[in-house]
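Structure record follows, encoded as structure tokens.
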Amino acid sequence: MIRTAFAATLLASTTPLLAETHTISPGEGAQERLQEALILAQPGDEIVLEAGRYAMSDGLSLDVDGVTLRGAGMDGTVLDFTGQQGAGEGLLVTSDNVTMRDFALENPKGDGVKSKGADNIVYHRIRVTWTRGPHAENGAYGIYPVESTGVLVDGVKVTGASDAGIYVGQSNRITVRNSIAEANVAGIEIENSRNALVEHNIATRNTGGILVFDLPNLPVMGGGNVIVANNLVVANDTPNFAPPGNIVAGVRRGTGIMVMANENVLIEDNILSGNPTAPVMVIAYTQPYDDDRYNPLPREVVVGPNQFDGGGYDPQLDGAEMLLAAFGGELPPVLWDGLGSLSAAEGTMGWSLNLPEAGKGLGGAQPGLMTVDAPADSFDRSGIGAPAELDARLQS
Amino acid sequence: MKHLGVFFCALLAFASAAAVEARRMAPEVSDAAIQGKALPRTLEEFGFFIHADAQVPTLGVIPYRLNTPLYSDGAEKLRFVYVPQGNKMQADGEGLIDFPVGTALIKTFAFGEGEKRRLIETRVLLHRADGWLALPYVWNEEQTQARLAIAGARVPVTTPEGEKISYRVPNKNQCKECHGLNDAVVPIGPKARNLSREWLEANIGVVPQGADTLPVWEDRSPAGTNAVARAFLDVNCAHCHRPGATASNSGLDLRWEQDDPHAIGVMKRPVAAGRGAGGLLFDVVPGKPQESILLHRMLSNEPGVAMPELGKATIDREGADAVRRWIEEMPQ
């Protein structure tokens, strides 16, 4: 307790004494007034967006450290980008220690909110909605932090993203929780990132609920140390509407939780139902690649106790009919390609493709029941999740 | 012929009159405005021009051009550099010129020709003690004043192709989206490889190795398909698509000096292109421009698909042709 108080004093002393609040209201010139406030803000300032609908003609951006951008609730303050004429996202943040809370973005032409190289960032109760529902021409990502250390996404809601609703890429120390990802291609995606905690979320009506990927040829690789726990992953049955060419365009409709490549991933205490291809899927990277730094295998993936309500009852897989017949009408809930290393809690039902090697297609597949060991040691949770001081910001 | 002689005399007379006037009227550049802490509200405060509307620079403000320029909806661009007295630019290698603190880089964007030319905006890049600062100034309708537009602006213009567009003046943050490198603001254009030998000789006194190697755009055919396209990509794309810059997370590196085919997009899969990929699988497919995401995004002007993301409301046909030919001729 003494330590906490000391830390709080330290934090307080880094905030300028004359932090100001700038209040913006909707109406004529809101684009310029808001953008000007975002540029002229000083570290520690708060920009308050009054309730109402703001018609935006261009993307917004913030490049000042320590600014809070606060609306009057995700249903009260709406930044409407339906008429957006330029920029690749609705709001771009490129500074550290920024807090965004309690507002919504609708129909951004590209991504919703992107934060790049923005350390210790908080997204709290932000809503990003493409109001026409799933559509290939919706923007790619709703909430999009990338190349950052310290990311807390809490209580957000994203609907309609043509790639991933909540996408965290090439980052470290991440928490995504208490959020709803609905009717996106991928609900929540953790990509080429380390030390991520994904918990207490709802992923529903997506093509795939929660994805943990590691891809080659990126500046940051070696994804791992990821916990996916206590999520409700249900009815992810929207046909894939991603434009072809994107990695998520290959995600099969009805995937619950999917791990591709990566190391040290724990999947436990989730409730999974209505994911007709595979409630849990653990596979190697499927494409050919040319990158010496990259390991395409899933390593040390642990499927702990989860609540499975059924398995793959309508799989979008080659040879589905034969597979269903072979497994008695429904595929067991865990699908593994047989590559890398996987362990699962006792009693977890699964099947394996028993592939001989990565990146060579399904030619050598010999589907059969999955036989893996129970997890050997307790999962090392140290250092996983967003730094504690990000939580503290939500109290203010 | 006689007419021409008369005209020529008149021109001389006008020129000498202008010179007299210039000596009398030439403002001194304000080093305080460039190096101070404030954000000058008008362009006039810098004192860069004798006749700002005609873009006649004052003493010490040196015009320059780039061999291959960035496309900006077909705007005419007038570039100037100012270095404070007693300081020098230095050129070491083919890259960015080393500008001393106190330098100002000035770029005016104009549409229309001759009498009809209208200045839209002037962007300045100021080298202050704590780094470079980028500021946009927007010209008024009467062309008498350019005011700081920190949040940017939209201005209706007609491009040289006759297209009516809503031209976007970038806001201060958007300046950094292109000019940002490893978290600092830096100049992009004035690299030795993209400046003429003559200009370097006259203004810096050295012509470093690798200088003047990018093709002169309007006379580009002798340079060959590869050099033209790579110069175009370097100038138009690589300020973001390189390590340490805005699009670093894409893994695409389009700098002139990058020679790894995969890094420049050959058979490289997109990362975060989203719908921008347009259903295509690779950035560049040798021999198949129509299957290459790179060209697809150049040929779009829809936000979320179009590349570059900023500073472009129309399609650069010449640039797209250069890239199309490059992909077509690329060995499969």
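If you're wondering about the labels, chains in the structure tokens are A, B, ... by order shown, residues count from 1 in each chain, ligands from 1 in order shown.
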
Q: Could you please tell me, as JSON, numbers by chain, which residues of chain A have an atom within 9 Å of chain B when using only C-alpha atoms?
A: {"A": [31, 32, 33, 34, 35, 36, 37, 38, 39, 40, 60, 61, 62, 63, 84, 85, 86, 87, 88, 89, 94, 108, 109, 110, 111, 116, 117, 136, 137, 138, 139, 140, 141, 146, 147, 162, 163, 169, 170, 215, 217, 218, 219, 220, 242, 243, 244, 245, 246, 247, 290]}

Item to complete: Using DSSP on the backbone coordinates, identify all residues within region 203-240 of chain A classified as strand (DSSP E); present the result as an MDAnalysis selection string.
Response: chainID A and resid 203:204 208:213 224:229 232:234

Q.
as a PyMOL selection string, please: the residues near region 228-241 of chain B (cut-off 7 Å, only C-alpha atoms, same-chain neighbours under 6 positions excluded).
A. chain B and resi 68-71+178-179+188+214-215+220+247-248+252-256+308+319+322-323+326

Item to complete: Grab the CA of Pro333 (chain A) to CA of Asp380 (chain A) distance for me, in Å with one decimal place.
Response: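 If I compute the distance from CA of Pro333 (chain A) to CA of Asp380 (chain A), I get 25.1 Å.
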
Can you work out the spacing between CA of Pro43 (chain A) and CA of Ser115 (chain A) in Å, to one decimal?
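Going from CA of Pro43 (chain A) over to CA of Ser115 (chain A) covers 17.0 Å.
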
Excluding Ala110 (chain B) and any residue of its chain fewer than 4 positions from it, enumerate the residues within 12 Å of it, using only C-alpha atoms, and give them as a PyMOL selection string.
chain B and resi 53-55+72-79+114+116-123+138-139+143+155+157-160+167+169

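Distance-wise, CA of Thr99 (chain A) and CA of Ala186 (chain A) end up 24.7 Å apart.
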
**Message:** I need the residues of region 157-330 of chain A that end up classed as alpha helix (DSSP H) by DSSP on the backbone, written out as a VMD selection string.
**Reply:** chain A and resid 320 to 326

Env of Val64 (chain A): 7 Å cut, atoms = only C-alpha atoms, seq-sep filter 5 positions within chain, self excluded. Answer as JSON, numbers by chain.
{"A": [41, 42, 43, 95]}

Could you name the residues that touch Val216 (chain B) at 12 Å or less, counting only C-alpha atoms, but leaving out those on the same chain fewer than 4 positions away, as a ChimeraX atom specification? /B:65-69,193-197,212,220-224,227-228,231-232

Could the residues in this selection be written to a file with all heavy atoms, as a short mmCIF file (atom, residue, chain, number, x, y, z; two decimals), in the first residue's frame?
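New file part08.cif:
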```cif
data_model
loop_
_atom_site.label_atom_id
_atom_site.label_comp_id
_atom_site.auth_asym_id
_atom_site.auth_seq_id
_atom_site.Cartn_x
_atom_site.Cartn_y
_atom_site.Cartn_z
N ARG B 65 14.98 22.36 -57.32
CA ARG B 65 13.99 21.41 -57.81
C ARG B 65 14.52 20.00 -57.53
O ARG B 65 15.71 19.81 -57.26
CB ARG B 65 13.72 21.58 -59.31
CG ARG B 65 14.90 21.25 -60.21
CD ARG B 65 14.44 20.77 -61.57
NE ARG B 65 13.76 19.47 -61.48
CZ ARG B 65 13.13 18.92 -62.51
NH1 ARG B 65 13.06 19.54 -63.66
NH2 ARG B 65 12.57 17.72 -62.38
N LEU B 66 13.62 19.05 -57.58
CA LEU B 66 14.01 17.65 -57.40
C LEU B 66 13.92 16.96 -58.76
O LEU B 66 13.02 17.24 -59.55
CB LEU B 66 13.08 16.96 -56.41
CG LEU B 66 13.08 17.57 -55.00
CD1 LEU B 66 12.01 16.90 -54.13
CD2 LEU B 66 14.45 17.42 -54.34
N ASN B 67 14.86 16.07 -59.02
CA ASN B 67 14.84 15.33 -60.29
C ASN B 67 13.50 14.62 -60.46
O ASN B 67 12.80 14.80 -61.44
CB ASN B 67 15.96 14.30 -60.33
CG ASN B 67 17.33 14.93 -60.43
OD1 ASN B 67 17.45 16.17 -60.50
ND2 ASN B 67 18.37 14.11 -60.46
N THR B 68 13.17 13.78 -59.49
CA THR B 68 11.87 13.10 -59.48
C THR B 68 11.08 13.66 -58.31
O THR B 68 11.47 13.49 -57.17
CB THR B 68 12.05 11.57 -59.31
OG1 THR B 68 12.73 11.06 -60.44
CG2 THR B 68 10.71 10.88 -59.18
N PRO B 69 9.98 14.36 -58.59
CA PRO B 69 9.21 14.98 -57.50
C PRO B 69 8.09 14.07 -57.00
O PRO B 69 7.69 13.13 -57.68
CB PRO B 69 8.62 16.22 -58.17
CG PRO B 69 8.43 15.81 -59.60
CD PRO B 69 9.47 14.75 -59.92
N ARG B 193 20.97 12.41 -54.15
CA ARG B 193 20.70 11.62 -55.34
C ARG B 193 19.56 12.19 -56.18
O ARG B 193 19.39 11.85 -57.33
CB ARG B 193 20.37 10.17 -54.94
CG ARG B 193 19.16 10.01 -54.06
CD ARG B 193 18.86 8.53 -53.85
NE ARG B 193 17.75 8.31 -52.95
CZ ARG B 193 17.85 7.73 -51.76
NH1 ARG B 193 19.01 7.32 -51.32
NH2 ARG B 193 16.77 7.55 -51.02
N ASN B 194 18.76 13.06 -55.57
CA ASN B 194 17.60 13.62 -56.28
C ASN B 194 17.80 15.10 -56.60
O ASN B 194 16.84 15.79 -56.92
CB ASN B 194 16.34 13.40 -55.43
CG ASN B 194 15.07 13.37 -56.28
OD1 ASN B 194 15.13 13.31 -57.50
ND2 ASN B 194 13.92 13.45 -55.62
N LEU B 195 19.04 15.60 -56.47
CA LEU B 195 19.35 16.99 -56.80
C LEU B 195 20.37 17.00 -57.93
O LEU B 195 21.19 16.08 -58.06
CB LEU B 195 19.93 17.70 -55.57
CG LEU B 195 18.95 17.93 -54.41
CD1 LEU B 195 19.70 18.18 -53.11
CD2 LEU B 195 17.99 19.08 -54.71
N SER B 196 20.36 18.07 -58.73
CA SER B 196 21.28 18.12 -59.87
C SER B 196 22.70 18.43 -59.40
O SER B 196 22.91 19.08 -58.38
CB SER B 196 20.82 19.17 -60.88
OG SER B 196 21.11 20.47 -60.38
N ARG B 197 23.64 17.95 -60.20
CA ARG B 197 25.05 18.24 -59.90
C ARG B 197 25.28 19.74 -59.86
O ARG B 197 25.99 20.25 -59.00
CB ARG B 197 25.95 17.65 -61.01
CG ARG B 197 25.74 16.18 -61.26
CD ARG B 197 26.64 15.71 -62.41
NE ARG B 197 28.05 15.76 -61.99
CZ ARG B 197 28.65 14.77 -61.34
NH1 ARG B 197 27.98 13.68 -61.05
NH2 ARG B 197 29.90 14.87 -60.99
N ASP B 212 22.69 13.08 -57.90
CA ASP B 212 22.08 13.28 -59.22
C ASP B 212 21.85 11.97 -59.97
O ASP B 212 22.00 11.91 -61.18
CB ASP B 212 22.98 14.23 -60.05
CG ASP B 212 22.20 14.92 -61.18
OD1 ASP B 212 20.97 14.73 -61.26
OD2 ASP B 212 22.84 15.63 -61.96
N ARG B 220 12.59 11.20 -68.57
CA ARG B 220 12.97 9.98 -67.85
C ARG B 220 13.26 8.78 -68.74
O ARG B 220 13.86 7.81 -68.29
CB ARG B 220 11.89 9.60 -66.84
CG ARG B 220 10.50 9.32 -67.42
CD ARG B 220 9.48 9.22 -66.31
NE ARG B 220 8.12 9.04 -66.78
CZ ARG B 220 7.32 10.01 -67.20
NH1 ARG B 220 7.77 11.25 -67.25
NH2 ARG B 220 6.09 9.76 -67.60
N SER B 221 12.80 8.82 -70.00
CA SER B 221 12.89 7.58 -70.78
C SER B 221 14.30 7.01 -70.91
O SER B 221 14.45 5.79 -70.84
CB SER B 221 12.21 7.74 -72.14
OG SER B 221 12.35 9.03 -72.62
N PRO B 222 15.36 7.83 -71.08
CA PRO B 222 16.68 7.19 -71.21
C PRO B 222 17.12 6.43 -69.95
O PRO B 222 17.99 5.58 -70.03
CB PRO B 222 17.64 8.37 -71.46
CG PRO B 222 16.77 9.55 -71.79
CD PRO B 222 15.45 9.29 -71.18
N ALA B 223 16.52 6.73 -68.84
CA ALA B 223 16.99 6.13 -67.58
C ALA B 223 16.64 4.66 -67.47
O ALA B 223 17.24 3.92 -66.70
CB ALA B 223 16.39 6.89 -66.40
N GLY B 224 15.65 4.20 -68.24
CA GLY B 224 15.28 2.78 -68.18
C GLY B 224 14.16 2.55 -67.18
O GLY B 224 14.01 3.26 -66.19
N ALA B 227 14.99 2.05 -63.24
CA ALA B 227 15.40 3.25 -62.52
C ALA B 227 14.23 4.22 -62.35
O ALA B 227 14.04 4.83 -61.29
CB ALA B 227 16.54 3.94 -63.25
N VAL B 228 13.42 4.35 -63.38
CA VAL B 228 12.28 5.29 -63.31
C VAL B 228 11.29 4.85 -62.23
O VAL B 228 10.86 5.63 -61.39
CB VAL B 228 11.58 5.39 -64.69
CG1 VAL B 228 10.25 6.11 -64.57
CG2 VAL B 228 12.49 6.12 -65.68
N ALA B 231 12.81 5.09 -58.72
CA ALA B 231 12.88 6.49 -58.30
C ALA B 231 11.49 6.96 -57.88
O ALA B 231 11.32 7.61 -56.84
CB ALA B 231 13.41 7.36 -59.44
N PHE B 232 10.49 6.61 -58.69
CA PHE B 232 9.12 6.99 -58.35
C PHE B 232 8.73 6.43 -56.97
O PHE B 232 8.18 7.14 -56.13
CB PHE B 232 8.14 6.48 -59.42
CG PHE B 232 6.72 6.69 -59.02
CD1 PHE B 232 6.08 7.90 -59.29
CD2 PHE B 232 6.02 5.73 -58.31
CE1 PHE B 232 4.78 8.13 -58.87
CE2 PHE B 232 4.72 5.94 -57.89
CZ PHE B 232 4.10 7.16 -58.17
#
```

If you count only C-alpha atoms, the residue of A:Gly338, A:Gly363, A:Gly73, A:Gly90 closest to Val301 (chain A) turns out to be A:Gly338

Give me the residues near region 178-181 of chain A as a list in words, where near means some atom within 8 Å (using only C-alpha atoms) and where sequence neighbours in that chain fewer than 2 positions away do not count.
Val153, Asp154, Gly155, Val156, Lys157, Val158, Thr159, Gly165, Ile166, Val176, Ala183, Asn184, Gly187, Ile188, Glu199, His200, Asn201, Ile202, Ala203, Thr204, Asn206 and Gly209 of chain A

With N, CA, C and O atoms retained, write the just-selected residues as a compact mmCIF listing (two decimals), in the first residue's frame.
```
# COMPACT_ATOMS: atom_id res chain seq x y z
N VAL A 153 -7.01 -2.61 -23.65
CA VAL A 153 -8.28 -2.43 -24.36
C VAL A 153 -9.35 -2.99 -23.44
O VAL A 153 -9.36 -4.17 -23.13
N ASP A 154 -10.25 -2.13 -22.97
CA ASP A 154 -11.20 -2.54 -21.94
C ASP A 154 -12.60 -2.00 -22.28
O ASP A 154 -12.77 -0.81 -22.49
N GLY A 155 -13.54 -2.92 -22.37
CA GLY A 155 -14.93 -2.49 -22.54
C GLY A 155 -15.25 -1.88 -23.89
O GLY A 155 -16.16 -1.07 -23.99
N VAL A 156 -14.50 -2.25 -24.94
CA VAL A 156 -14.81 -1.69 -26.25
C VAL A 156 -15.80 -2.60 -26.97
O VAL A 156 -16.04 -3.74 -26.56
N LYS A 157 -16.35 -2.07 -28.06
CA LYS A 157 -17.27 -2.87 -28.86
C LYS A 157 -17.03 -2.57 -30.34
O LYS A 157 -17.06 -1.41 -30.74
N VAL A 158 -16.78 -3.61 -31.12
CA VAL A 158 -16.53 -3.40 -32.54
C VAL A 158 -17.43 -4.32 -33.36
O VAL A 158 -17.51 -5.52 -33.11
N THR A 159 -18.09 -3.73 -34.35
CA THR A 159 -18.99 -4.49 -35.22
C THR A 159 -18.70 -4.18 -36.68
O THR A 159 -18.63 -3.01 -37.06
N GLY A 165 -11.90 -7.04 -35.64
CA GLY A 165 -12.54 -6.02 -34.82
C GLY A 165 -11.53 -5.36 -33.90
O GLY A 165 -11.32 -4.15 -33.93
N ILE A 166 -10.91 -6.17 -33.05
CA ILE A 166 -9.84 -5.69 -32.17
C ILE A 166 -8.57 -6.38 -32.62
O ILE A 166 -8.47 -7.61 -32.56
N VAL A 176 -6.60 -7.35 -23.42
CA VAL A 176 -7.88 -7.08 -24.09
C VAL A 176 -8.95 -7.75 -23.26
O VAL A 176 -8.94 -8.98 -23.11
N ALA A 183 -19.70 -9.75 -35.34
CA ALA A 183 -19.90 -9.64 -36.79
C ALA A 183 -18.73 -9.01 -37.52
O ALA A 183 -18.89 -8.20 -38.43
N ASN A 184 -17.53 -9.37 -37.09
CA ASN A 184 -16.32 -9.02 -37.84
C ASN A 184 -15.82 -10.30 -38.52
O ASN A 184 -16.32 -11.39 -38.25
N GLY A 187 -12.85 -11.67 -34.70
CA GLY A 187 -13.34 -10.86 -33.57
C GLY A 187 -12.19 -10.13 -32.91
O GLY A 187 -12.10 -8.91 -32.94
N ILE A 188 -11.28 -10.92 -32.31
CA ILE A 188 -10.10 -10.36 -31.65
C ILE A 188 -8.89 -11.07 -32.24
O ILE A 188 -8.90 -12.29 -32.37
N GLU A 199 -9.12 -11.74 -21.96
CA GLU A 199 -10.03 -12.37 -20.99
C GLU A 199 -11.34 -11.61 -20.84
O GLU A 199 -11.42 -10.41 -21.04
N HIS A 200 -12.36 -12.39 -20.48
CA HIS A 200 -13.68 -11.82 -20.19
C HIS A 200 -14.25 -11.04 -21.37
O HIS A 200 -14.84 -9.98 -21.19
N ASN A 201 -14.04 -11.54 -22.56
CA ASN A 201 -14.62 -10.89 -23.74
C ASN A 201 -15.75 -11.75 -24.29
O ASN A 201 -15.84 -12.94 -24.00
N ILE A 202 -16.56 -11.12 -25.13
CA ILE A 202 -17.56 -11.85 -25.89
C ILE A 202 -17.20 -11.74 -27.36
O ILE A 202 -17.06 -10.64 -27.89
N ALA A 203 -17.03 -12.88 -28.01
CA ALA A 203 -16.79 -12.90 -29.45
C ALA A 203 -17.93 -13.70 -30.07
O ALA A 203 -18.04 -14.90 -29.84
N THR A 204 -18.76 -13.01 -30.84
CA THR A 204 -19.91 -13.69 -31.42
C THR A 204 -20.22 -13.17 -32.82
O THR A 204 -19.92 -12.01 -33.14
N ASN A 206 -18.79 -13.56 -35.44
CA ASN A 206 -17.66 -13.32 -36.33
C ASN A 206 -17.46 -14.56 -37.21
O ASN A 206 -18.09 -15.59 -36.99
N GLY A 209 -13.62 -16.31 -33.89
CA GLY A 209 -13.81 -15.53 -32.66
C GLY A 209 -12.54 -14.84 -32.19
O GLY A 209 -12.44 -13.61 -32.17
```
